[in-house]
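Colleague: Sharing structure.txt here; it has compact mmCIF, C-alpha atoms.
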# COMPACT_ATOMS: atom_id res chain seq x y z
CA MET A 1 130.83 76.64 109.11
CA PHE A 2 133.39 79.42 108.77
CA LEU A 3 132.64 83.07 109.58
CA VAL A 4 134.79 86.15 108.96
CA ILE A 5 134.77 89.31 111.08
CA ASN A 6 136.72 92.25 109.68
CA ILE A 7 137.90 94.09 112.82
CA LYS A 8 138.27 97.29 110.74
CA SER A 9 134.61 97.15 109.67
CA LYS A 10 131.97 99.46 111.15
CA LYS A 11 129.77 96.43 111.85
CA ALA A 12 132.47 94.43 113.71
CA ILE A 13 131.03 95.16 117.19
CA LYS A 14 127.57 93.98 116.08
CA GLU A 15 129.09 90.83 114.58
CA ILE A 16 130.90 90.08 117.85
CA GLU A 17 127.82 90.93 119.91
CA ARG A 18 125.64 88.33 118.24
CA PHE A 19 127.85 85.64 119.81
CA LYS A 20 127.14 87.03 123.29
CA HIS A 21 123.44 86.25 123.09
CA LYS A 22 123.48 82.81 121.51
CA LYS A 23 125.78 79.84 121.78
CA TYR A 24 126.11 78.76 118.17
CA VAL A 25 127.10 75.33 116.93
CA LEU A 26 130.86 75.14 117.25
CA HIS A 27 132.63 76.68 114.26
CA ASP A 28 135.72 78.76 113.53
CA ILE A 29 135.73 82.53 113.17
CA ARG A 30 138.47 84.38 111.30
CA ILE A 31 139.14 87.88 112.61
CA LYS A 32 140.71 89.82 109.75
CA ASN A 33 142.95 92.90 109.86
CA VAL A 34 144.14 92.54 113.44
CA GLU A 35 147.60 93.69 112.30
CA LEU A 36 149.62 91.20 114.32
CA LYS A 37 152.67 91.65 112.08
CA VAL A 38 152.95 95.28 113.20
CA LEU A 39 154.00 93.92 116.62
CA ASN A 40 157.21 92.58 115.07
CA SER A 41 158.52 96.16 114.98
CA LEU A 42 158.53 96.14 118.81
CA LEU A 43 160.59 92.95 118.94
CA THR A 44 164.13 91.96 118.00
CA PHE A 45 162.84 89.08 115.85
CA GLN A 46 159.84 88.13 113.74
CA LEU A 47 157.23 86.50 115.95
CA PHE A 48 154.13 86.97 113.80
CA TYR A 49 153.91 85.89 110.17
CA LYS A 50 150.19 86.56 109.66
CA ASN A 51 147.83 89.42 110.55
CA ASP A 52 144.66 87.48 111.29
CA LEU A 53 143.47 85.66 114.38
CA PHE A 54 140.98 82.83 114.71
CA ILE A 55 138.65 81.91 117.55
CA ASN A 56 135.98 79.27 117.84
CA SER A 57 132.41 80.36 118.41
CA GLY A 58 132.20 78.66 121.81
CA THR A 59 135.22 80.52 123.15
CA LEU A 60 133.89 83.85 121.89
CA TRP A 61 130.54 83.17 123.58
CA GLU A 62 132.26 82.25 126.89
CA LEU A 63 134.34 85.45 126.94
CA MET A 64 131.18 87.55 127.10
CA GLN A 65 129.19 85.54 129.66
CA PRO A 66 128.69 86.82 133.23
CA LEU A 67 131.43 86.05 135.75
CA GLY A 68 131.07 83.03 137.97
CA LYS A 69 130.46 80.12 135.66
CA THR A 70 132.81 78.17 133.46
CA GLY A 71 132.70 76.30 130.20
CA SER A 72 135.88 75.14 128.52
CA HIS A 73 137.24 78.48 129.83
CA ASN A 74 136.14 80.81 132.58
CA TYR A 75 133.44 83.33 131.77
CA HIS A 76 134.98 86.81 131.79
CA ASN A 77 132.05 89.19 131.33
CA LEU A 78 133.77 91.09 128.52
CA THR A 79 131.68 93.41 126.42
CA PRO A 80 131.70 93.17 122.62
CA THR A 81 133.21 96.68 122.69
CA ASP A 82 136.03 95.47 124.98
CA ILE A 83 136.89 92.68 122.53
CA TYR A 84 136.62 94.95 119.51
CA ASN A 85 138.75 97.74 121.04
CA PHE A 86 141.42 95.34 122.25
CA LEU A 87 141.75 93.59 118.90
CA SER A 88 141.63 96.90 117.02
CA ASN A 89 144.43 98.31 119.19
CA ILE A 90 146.53 95.20 119.67
CA LYS A 91 149.46 96.97 118.00
CA TYR A 92 149.84 99.13 121.14
CA PRO A 93 150.61 96.55 123.86
CA CYS A 94 152.31 97.11 127.19
CA ALA A 95 153.79 93.60 127.19
CA ILE A 96 154.27 90.53 125.03
CA TYR A 97 155.57 87.34 126.58
CA LYS A 98 155.69 83.57 126.24
CA GLU A 99 153.48 81.45 128.46
CA LYS A 100 153.40 77.71 129.08
CA TYR A 101 152.88 75.48 126.04
CA ASN A 102 154.73 78.17 124.01
CA ARG A 103 151.61 80.29 123.85
CA ILE A 104 151.95 84.03 123.29
CA VAL A 105 150.44 86.59 125.66
CA ILE A 106 149.76 90.16 124.59
CA ALA A 107 148.72 92.64 127.29
CA SER A 108 146.75 95.77 126.51
CA SER A 109 148.22 99.15 127.30
CA GLN A 110 144.83 100.57 128.27
CA LEU A 111 142.22 99.66 130.87
CA TYR A 112 138.85 98.24 129.85
CA SER A 113 135.37 98.02 131.36
CA SER A 114 136.72 95.91 134.23
CA ASN A 115 139.18 98.76 135.05
CA GLU A 116 141.98 96.30 134.32
CA ARG A 117 144.21 95.57 131.39
CA LEU A 118 143.17 92.72 129.14
CA ILE A 119 145.45 89.96 128.03
CA ILE A 120 145.01 87.69 125.08
CA ILE A 121 146.52 84.23 124.94
CA ILE A 122 147.33 83.07 121.42
CA GLU A 123 148.31 79.62 120.28
CA GLY A 124 150.56 79.64 117.24
CA SER A 125 150.58 76.90 114.61
CA ALA A 126 147.10 75.88 115.72
CA GLY A 127 144.51 73.98 113.77
CA LEU A 128 140.91 74.70 112.93
CA ILE A 129 137.91 72.55 113.74
CA THR A 130 137.72 71.42 110.11
CA ASN A 131 141.46 71.49 109.36
CA LYS A 132 143.76 70.37 112.18
CA ASP A 133 146.85 71.31 110.09
CA ALA A 134 145.76 74.89 109.33
CA ASN A 135 148.79 76.57 111.01
CA ILE A 136 146.91 79.66 112.24
CA TYR A 137 147.06 81.98 115.26
CA LYS A 138 144.18 80.95 117.49
CA ILE A 139 142.77 82.90 120.43
CA VAL A 140 142.75 80.63 123.47
CA THR A 141 141.18 83.27 125.71
CA ILE A 142 140.99 86.98 126.54
CA TYR A 143 140.54 88.17 130.11
CA PRO A 144 141.18 91.00 132.58
CA LYS A 145 144.54 90.66 134.33
CA SER A 146 144.87 92.44 137.67
CA ASP A 147 148.38 91.33 138.68
CA LEU A 148 150.17 91.73 135.37
CA GLU A 149 153.29 93.39 136.79
CA LYS A 150 153.74 90.55 139.32
CA THR A 151 153.25 87.95 136.63
CA ILE A 152 155.89 89.54 134.41
CA LYS A 153 158.37 89.82 137.29
CA LYS A 154 158.11 86.04 137.82
CA LEU A 155 158.94 85.23 134.20
CA LYS A 156 162.36 84.25 132.95
CA PRO A 157 163.90 87.15 131.00
CA SER A 158 164.05 84.96 127.89
CA ASP A 159 160.26 84.57 127.99
CA ILE A 160 159.63 88.34 127.88
CA TYR A 161 159.54 89.62 124.32
CA PHE A 162 158.41 93.17 125.04
CA ASN A 163 157.65 95.02 128.27
CA ILE A 164 157.08 98.66 129.10
CA LEU A 165 155.77 97.87 132.59
CA ASN A 166 158.11 97.65 135.57
CA LYS A 167 160.46 100.13 133.87
CA LYS A 168 161.92 102.75 136.16
What is this file in structure tokens?

Modeller:
Amino acid sequence: MFLVINIKSKKAIKEIERFKHKKYVLHDIRIKNVELKVLNSLLTFQLFYKNDLFINSGTLWELMQPLGKTGSHNYHNLTPTDIYNFLSNIKYPCAIYKEKYNRIVIASSQLYSSNERLIIIIEGSAGLITNKDANIYKIVTIYPKSDLEKTIKKLKPSDIYFNILNKK
């Protein structure tokens, strides 16, 4: 099964919220109109070639479950509004950097319900459940990051694509 959520739609929060309350059979979700390509204007090269993100239903469910338990990822107690606002405003990051396995991290410039910035980890050239060769941008996880400045300071300069933190 394949579901589409248009992040620019008025019903996007409700569509995200339904995954908080029920763990659906594993399927892929396309999140349209995230505007990833706009981030290229902050960089000195083209990192993003598509605007949409994908996430599987299990990961989306786990992001919104209460803290303390784990599934394939940790539960992060995010609200549907947190997820919606972050994805709707992804074009205003405070940092973009490369993580292990060549994954891309985008950090929010604003604080969310946890009173922390959120980060999203994206796997490029990923596959879908039904098409392993899909070549999409897939959300690995989204979570509150309390020590973002420390994390960025530990990175190699070549792994930092964009950073407005730690600037004096």

Colleague: Extract, using all atoms listed in the file, all DNA, RNA and protein residues at most 9 Å from Arg103 (chain A), discarding same-chain residues fewer than 6 positions from it, and format them as a PyMOL selection string.

Modeller: chain A and resi 97+121-124+140

Colleague: Could you list, as an NGL selection string, every residue within 10 Å of Leu47 (chain A), counting all atoms listed in the file and ignoring same-chain residues fewer than 4 positions away?

Modeller: :A and (36-37 or 39-41 or 43 or 104 or 124 or 161)

Colleague: Considering only C-alpha atoms, can you say which of A:Met64, A:Ile7, A:Asp28, A:Ile160 comes closest to Asn131 (chain A)?

Modeller: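 Of A:Met64, A:Ile7, A:Asp28, A:Ile160, the one nearest Asn131 (chain A) is A:Asp28, counting only C-alpha atoms.
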
Colleague: So how far away is CA of Trp61 (chain A) from CA of Lys132 (chain A), in Å?

Modeller: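 We find that CA of Lys132 (chain A) and CA of Trp61 (chain A) lie 21.6 Å from each other.
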
Colleague: I'd like the interatomic distance between CA of Leu26 (chain A) and CA of Tyr75 (chain A), to a tenth of an Å.

Modeller: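 Computing it gives 16.9 Å between the two atoms.
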
Colleague: State, in Å with one decimal place, the distance from CA of Ile29 (chain A) to CA of Ile136 (chain A).

Modeller: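 Computing it gives 11.6 Å between the two atoms.
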
Colleague: May I have the residues at most 8 Å from (138.7, 82.9, 132.8) in the file's coordinates, counting only C-alpha atoms, as JSON, numbers by chain?

Modeller: {"A": [63, 70, 73, 74, 75, 76, 141, 142, 143]}

Colleague: Which of these, A:Ile106, A:Leu148, A:Leu155, A:Ile55, has the shortest distance to Gly127 (chain A) once you count all atoms listed in the file?

Modeller: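 Of all the options, A:Ile55 lies closest to Gly127 (chain A).
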
Colleague: For the interface of region 65-87 of chain A with region 107-116 of chain A (cut-off 12 Å, counting all atoms listed in the file), please tabulate each contacting residue of region 65-87 of chain A alongside its nearest pair of atoms and their separation in Å to one decimal, rows sorted by chain and increasing number, as CSV.

Modeller:
residue,atom,partner,partner_atom,distance
A:Leu67,CA,A:Ser114,CA,11.3
A:His76,CA,A:Ser114,CA,9.6
A:Asn77,CA,A:Ser114,CA,8.7
A:Leu78,CA,A:Ser113,CA,7.7
A:Thr79,CA,A:Ser113,CA,7.7
A:Pro80,CA,A:Ser113,CA,10.6
A:Thr81,CA,A:Ser113,CA,9.0
A:Asp82,CA,A:Tyr112,CA,6.3
A:Ile83,CA,A:Tyr112,CA,9.4
A:Tyr84,CA,A:Tyr112,CA,11.1
A:Asn85,CA,A:Tyr112,CA,8.8
A:Phe86,CA,A:Ser108,CA,6.8
A:Leu87,CA,A:Ser108,CA,9.4

Colleague: When you look at Leu165 (chain A) with a cut-off of 10 Å (counting all atoms listed in the file), what residues show up, excluding the ones that are within fewer than 2 positions of it in the same chain? I need them as a list in words.

Modeller: Cys94, Ala95, Ser109, Leu148, Glu149, Ile152, Lys153, Phe162, Asn163, Lys167 and Lys168 of chain A

Colleague: Do you know which residues are at most 8 Å from Ile5 (chain A) counting all atoms listed in the file, after dropping those on the same chain fewer than 6 positions away, and could you put them as number ranges by chain?

Modeller: A: 12, 15-16, 29-32
